[in-house]
Amino acid sequence: MRLEQYLNDSAVRFAKRIAVVAGGREHSYGELARSSNRVAAALAARGIGRGDRVALFMDDNFEAVVCAFAVLKAGAVATPIEPTTDADALARALVRTGAVAIATEARLASVAALATARARAIRLVLLCGGDRATASASCMIFEDIAGGIGPGPELKRAGPASDLALLMSSPGPDGAPAESGLTHAEVIAAAGVTPQEKRAFSAVLSYYGLCQLFATVRAGATLVLATPSALRRALAAQIADDDGAVPALVA
């Protein structure tokens with residue numbers, strides 16, 4: 001079992017159910033599955049495949065969720081990087097992780113451009129919300145790929161559960177950044193002990209946030225992406241869903 005199979009299964013069972021709420025918009029499981037299929041196919045067509053590292057330098061939004069699943073569906077390794085990272089630190093992170101592609105968005109594009117100019121292994125940029133005039137052989141526009149009608153392309157099985165799924169950065173023993181890799185099987189085990197309420201609040205591009213995402217998708221529940229201030233408000237208000245259950249809050 002691989003992480004992306006959670007989405008495939010839930011999209012079949014709960015196609016019209018809301019999977020993600022972000023930026024005031026609701027996105028169904030069917031939409032999430034179709035969009036991630038299309039982006040995965042586009043990544044594969046550009047040579048991104050099994051074992052390749054793809055940096056996710058994005059805010060917590062629906063596009064980030066699509067890109068995370070798309071990277072996994074392509075057989076690649078998702079490498080989240082905090083969106084407050086400056087160009088110098090981002091360039092170092094891209095080099096350390098061996099990233100060959102980066103998914104980012106218009107707000108962060110200038111920082112990403114400075115960093116990728118120094119990280120020469122980067123051969124592809126997936127840009128969300130960017131000017132379509134920037135599209136090129138090395139820059140794909142998310143909106144041009146993810147939209148459309150129909151189920152999206154059929155994708156081949158990406159690999160076994162022993163493949164690396166996530167590459168997370170954390171401080172090492174000496175305080176310097178260090179990367180730790182987690183396989184699909186290891187993340188699934190971690191997601192298995194993450195709360196699976198019907199409505200979970202989370203910041204997605206962190207280790208715990210990604211575990212919450214996969215656990216929520218596996219349960220066919222709804223993930224609400226919220227800013228830190230919204231998370232604090234939710235905690236203070238002890239927001240309850242229709243059944244009276246308090247949602248999980250994962251920073």
# chains A, B, ... in the order shown; residues from 1 in each chain; ligands from 1

$ select_by_dssp --residues "stretch 37-230 of chain A" --states "helix (DSSP H, G or I)" --output "PyMOL selection string"
chain A and resi 37-45+62-73+87-97+106-118+132-134+142-146+184-191+207-218+228-230

$ residues_around --residues "stretch 127-129 of chain A" --least-positions-apart "2" --cutoff "12 Å" --atoms "only C-alpha atoms" --output "number ranges by chain"
A: 39, 55-59, 61-64, 66-67, 101-110, 112-113, 124-125, 131-136, 138-146

$ closest_residue --among "A:Val100, A:Ala76, A:Ala91, A:Met168" --to "A:Val187" --atoms "only C-alpha atoms"
A:Met168

$ closest_atom_pairs --of "stretch 62-158 of chain A" --to "stretch 206-221 of chain A" --cutoff "9 Å" --atoms "only C-alpha atoms" --output "tab-separated table"
residue	atom	partner	partner_atom	distance
A:Val65	CA	A:Leu213	CA	8.4
A:Ala68	CA	A:Leu210	CA	9.0
A:Pro80	CA	A:Ser206	CA	6.9
A:Ile81	CA	A:Ser206	CA	8.3
A:Glu82	CA	A:Ser206	CA	8.1

$ residues_around --residues "stretch 181-185 of chain A" --least-positions-apart "6" --cutoff "9 Å" --atoms "only C-alpha atoms" --output "ChimeraX atom specification"
/A:1-3,160-169

$ write_last_selection --atoms "N, CA, C and O atoms" --output "PDB file, in the first residue's frame"
ATOM      1  N   MET A   1       0.843  -1.194   0.000  1.00  0.00           N
ATOM      2  CA  MET A   1       0.000   0.000   0.000  1.00  0.00           C
ATOM      3  C   MET A   1       0.883   1.251   0.000  1.00  0.00           C
ATOM      4  O   MET A   1       1.840   1.335   0.770  1.00  0.00           O
ATOM      5  N   ARG A   2       0.555   2.181  -0.892  1.00  0.00           N
ATOM      6  CA  ARG A   2       1.284   3.446  -0.953  1.00  0.00           C
ATOM      7  C   ARG A   2       0.336   4.593  -0.586  1.00  0.00           C
ATOM      8  O   ARG A   2      -0.886   4.460  -0.651  1.00  0.00           O
ATOM      9  N   LEU A   3       0.912   5.727  -0.236  1.00  0.00           N
ATOM     10  CA  LEU A   3       0.116   6.840   0.258  1.00  0.00           C
ATOM     11  C   LEU A   3      -0.920   7.330  -0.745  1.00  0.00           C
ATOM     12  O   LEU A   3      -2.047   7.651  -0.383  1.00  0.00           O
ATOM     13  N   PRO A 160       6.820   0.230  -4.974  1.00  0.00           N
ATOM     14  CA  PRO A 160       6.409  -0.436  -3.731  1.00  0.00           C
ATOM     15  C   PRO A 160       6.349   0.526  -2.552  1.00  0.00           C
ATOM     16  O   PRO A 160       6.860   1.650  -2.607  1.00  0.00           O
ATOM     17  N   ALA A 161       5.756   0.060  -1.455  1.00  0.00           N
ATOM     18  CA  ALA A 161       5.638   0.866  -0.244  1.00  0.00           C
ATOM     19  C   ALA A 161       6.986   1.111   0.420  1.00  0.00           C
ATOM     20  O   ALA A 161       7.096   1.972   1.305  1.00  0.00           O
ATOM     21  N   SER A 162       8.002   0.372   0.014  1.00  0.00           N
ATOM     22  CA  SER A 162       9.339   0.583   0.581  1.00  0.00           C
ATOM     23  C   SER A 162      10.066   1.758  -0.063  1.00  0.00           C
ATOM     24  O   SER A 162      11.142   2.146   0.398  1.00  0.00           O
ATOM     25  N   ASP A 163       9.477   2.334  -1.096  1.00  0.00           N
ATOM     26  CA  ASP A 163      10.071   3.517  -1.722  1.00  0.00           C
ATOM     27  C   ASP A 163      10.016   4.710  -0.769  1.00  0.00           C
ATOM     28  O   ASP A 163       9.094   4.841   0.038  1.00  0.00           O
ATOM     29  N   LEU A 164      10.978   5.611  -0.911  1.00  0.00           N
ATOM     30  CA  LEU A 164      10.973   6.848  -0.148  1.00  0.00           C
ATOM     31  C   LEU A 164       9.785   7.703  -0.590  1.00  0.00           C
ATOM     32  O   LEU A 164       9.521   7.845  -1.789  1.00  0.00           O
ATOM     33  N   ALA A 165       9.068   8.263   0.387  1.00  0.00           N
ATOM     34  CA  ALA A 165       7.899   9.106   0.092  1.00  0.00           C
ATOM     35  C   ALA A 165       8.160  10.565   0.435  1.00  0.00           C
ATOM     36  O   ALA A 165       7.832  11.464  -0.343  1.00  0.00           O
ATOM     37  N   LEU A 166       8.744  10.803   1.603  1.00  0.00           N
ATOM     38  CA  LEU A 166       8.973  12.157   2.092  1.00  0.00           C
ATOM     39  C   LEU A 166      10.426  12.340   2.477  1.00  0.00           C
ATOM     40  O   LEU A 166      11.066  11.417   2.989  1.00  0.00           O
ATOM     41  N   LEU A 167      10.913  13.540   2.241  1.00  0.00           N
ATOM     42  CA  LEU A 167      12.244  13.917   2.713  1.00  0.00           C
ATOM     43  C   LEU A 167      12.048  15.194   3.517  1.00  0.00           C
ATOM     44  O   LEU A 167      11.749  16.255   2.960  1.00  0.00           O
ATOM     45  N   MET A 168      12.158  15.074   4.834  1.00  0.00           N
ATOM     46  CA  MET A 168      11.871  16.182   5.731  1.00  0.00           C
ATOM     47  C   MET A 168      13.166  16.771   6.270  1.00  0.00           C
ATOM     48  O   MET A 168      14.130  16.048   6.538  1.00  0.00           O
ATOM     49  N   SER A 169      13.165  18.088   6.463  1.00  0.00           N
ATOM     50  CA  SER A 169      14.333  18.771   7.007  1.00  0.00           C
ATOM     51  C   SER A 169      14.087  19.106   8.472  1.00  0.00           C
ATOM     52  O   SER A 169      13.002  19.541   8.848  1.00  0.00           O
TER      53      SER A 169
END

$ atom_distance --atom1 "atom CA of A:Leu225" --atom2 "atom CA of A:Ile18"
12.6 Å

$ atom_distance --atom1 "atom CA of A:Gly49" --atom2 "atom CA of A:Thr222"
29.1 Å

$ select_by_dssp --residues "stretch 71-166 of chain A" --states "strand (DSSP E or B)" --output "ChimeraX atom specification"
/A:77-80,99-105,124-128,136,139-141,164-166

$ write_last_selection --atoms "N, CA and C atoms" --output "mmCIF file, in the first residue's frame"
data_model
loop_
_atom_site.group_PDB
_atom_site.id
_atom_site.type_symbol
_atom_site.label_atom_id
_atom_site.label_comp_id
_atom_site.auth_asym_id
_atom_site.auth_seq_id
_atom_site.Cartn_x
_atom_site.Cartn_y
_atom_site.Cartn_z
ATOM 1 N N VAL A 77 9.660 11.818 -4.711
ATOM 2 C CA VAL A 77 9.741 12.031 -3.261
ATOM 3 C C VAL A 77 9.375 13.479 -2.964
ATOM 4 N N ALA A 78 8.359 13.693 -2.141
ATOM 5 C CA ALA A 78 7.940 15.041 -1.770
ATOM 6 C C ALA A 78 8.869 15.606 -0.707
ATOM 7 N N THR A 79 9.360 16.828 -0.947
ATOM 8 C CA THR A 79 10.314 17.462 -0.042
ATOM 9 C C THR A 79 9.792 18.834 0.359
ATOM 10 N N PRO A 80 8.985 18.913 1.415
ATOM 11 C CA PRO A 80 8.429 20.205 1.834
ATOM 12 C C PRO A 80 9.511 21.127 2.378
ATOM 13 N N ALA A 99 17.183 17.926 -4.987
ATOM 14 C CA ALA A 99 15.938 18.176 -5.718
ATOM 15 C C ALA A 99 16.219 18.439 -7.189
ATOM 16 N N VAL A 100 15.370 17.857 -8.043
ATOM 17 C CA VAL A 100 15.489 18.087 -9.488
ATOM 18 C C VAL A 100 14.329 18.921 -10.015
ATOM 19 N N ALA A 101 13.333 19.178 -9.155
ATOM 20 C CA ALA A 101 12.177 20.000 -9.538
ATOM 21 C C ALA A 101 11.669 20.705 -8.303
ATOM 22 N N ILE A 102 10.913 21.787 -8.531
ATOM 23 C CA ILE A 102 10.339 22.530 -7.427
ATOM 24 C C ILE A 102 8.932 22.973 -7.804
ATOM 25 N N ALA A 103 8.004 22.813 -6.885
ATOM 26 C CA ALA A 103 6.649 23.339 -7.038
ATOM 27 C C ALA A 103 6.543 24.563 -6.140
ATOM 28 N N THR A 104 6.123 25.676 -6.711
ATOM 29 C CA THR A 104 6.030 26.907 -5.938
ATOM 30 C C THR A 104 4.862 27.727 -6.475
ATOM 31 N N GLU A 105 4.729 28.969 -6.012
ATOM 32 C CA GLU A 105 3.600 29.798 -6.418
ATOM 33 C C GLU A 105 4.064 31.228 -6.663
ATOM 34 N N LEU A 124 13.101 21.582 -13.561
ATOM 35 C CA LEU A 124 11.687 21.845 -13.818
ATOM 36 C C LEU A 124 11.082 22.631 -12.667
ATOM 37 N N VAL A 125 10.290 23.657 -13.019
ATOM 38 C CA VAL A 125 9.540 24.448 -12.043
ATOM 39 C C VAL A 125 8.061 24.276 -12.343
ATOM 40 N N LEU A 126 7.282 23.952 -11.319
ATOM 41 C CA LEU A 126 5.825 23.896 -11.430
ATOM 42 C C LEU A 126 5.305 25.110 -10.679
ATOM 43 N N LEU A 127 4.730 26.070 -11.421
ATOM 44 C CA LEU A 127 4.351 27.362 -10.860
ATOM 45 C C LEU A 127 2.838 27.473 -10.750
ATOM 46 N N CYS A 128 2.369 27.770 -9.551
ATOM 47 C CA CYS A 128 0.937 27.949 -9.299
ATOM 48 C C CYS A 128 0.603 29.439 -9.276
ATOM 49 N N SER A 136 7.382 27.435 -20.175
ATOM 50 C CA SER A 136 8.494 27.073 -21.053
ATOM 51 C C SER A 136 8.797 25.600 -20.875
ATOM 52 N N CYS A 139 9.350 25.289 -17.223
ATOM 53 C CA CYS A 139 8.371 25.871 -16.303
ATOM 54 C C CYS A 139 6.960 25.498 -16.740
ATOM 55 N N MET A 140 6.261 24.734 -15.902
ATOM 56 C CA MET A 140 4.882 24.357 -16.170
ATOM 57 C C MET A 140 3.959 25.224 -15.307
ATOM 58 N N ILE A 141 2.814 25.610 -15.868
ATOM 59 C CA ILE A 141 1.830 26.395 -15.133
ATOM 60 C C ILE A 141 0.772 25.451 -14.582
ATOM 61 N N LEU A 164 10.978 5.611 -0.911
ATOM 62 C CA LEU A 164 10.973 6.848 -0.148
ATOM 63 C C LEU A 164 9.785 7.703 -0.590
ATOM 64 N N ALA A 165 9.068 8.263 0.387
ATOM 65 C CA ALA A 165 7.899 9.106 0.092
ATOM 66 C C ALA A 165 8.160 10.565 0.435
ATOM 67 N N LEU A 166 8.744 10.803 1.603
ATOM 68 C CA LEU A 166 8.973 12.157 2.092
ATOM 69 C C LEU A 166 10.426 12.340 2.477
#

$ residues_around --residues "stretch 31-34 of chain A" --least-positions-apart "3" --cutoff "12 Å" --atoms "only C-alpha atoms" --output "ChimeraX atom specification"
/A:4-21,26-28,37-41,62-70,73,145-155,217,222-223

$ atom_distance --atom1 "atom CA of A:Gly23" --atom2 "atom CA of A:Leu205"
15.7 Å

$ residues_around --residues "A:Gly75" --least-positions-apart "5" --cutoff "8 Å" --atoms "only C-alpha atoms" --output "list in words"
Gly49, Arg50, Gly51, Asp52, Ala158 and Gly159 of chain A

$ write_last_selection --atoms "C-alpha atoms" --output "CSV table (one decimal), in the first residue's frame"
chain,number,residue,atom,x,y,z
A,49,GLY,CA,10.0,9.7,-11.9
A,50,ARG,CA,10.7,7.1,-9.2
A,51,GLY,CA,13.1,8.4,-6.5
A,52,ASP,CA,13.4,12.0,-7.9
A,158,ALA,CA,4.6,4.1,-9.1
A,159,GLY,CA,6.5,1.5,-7.0
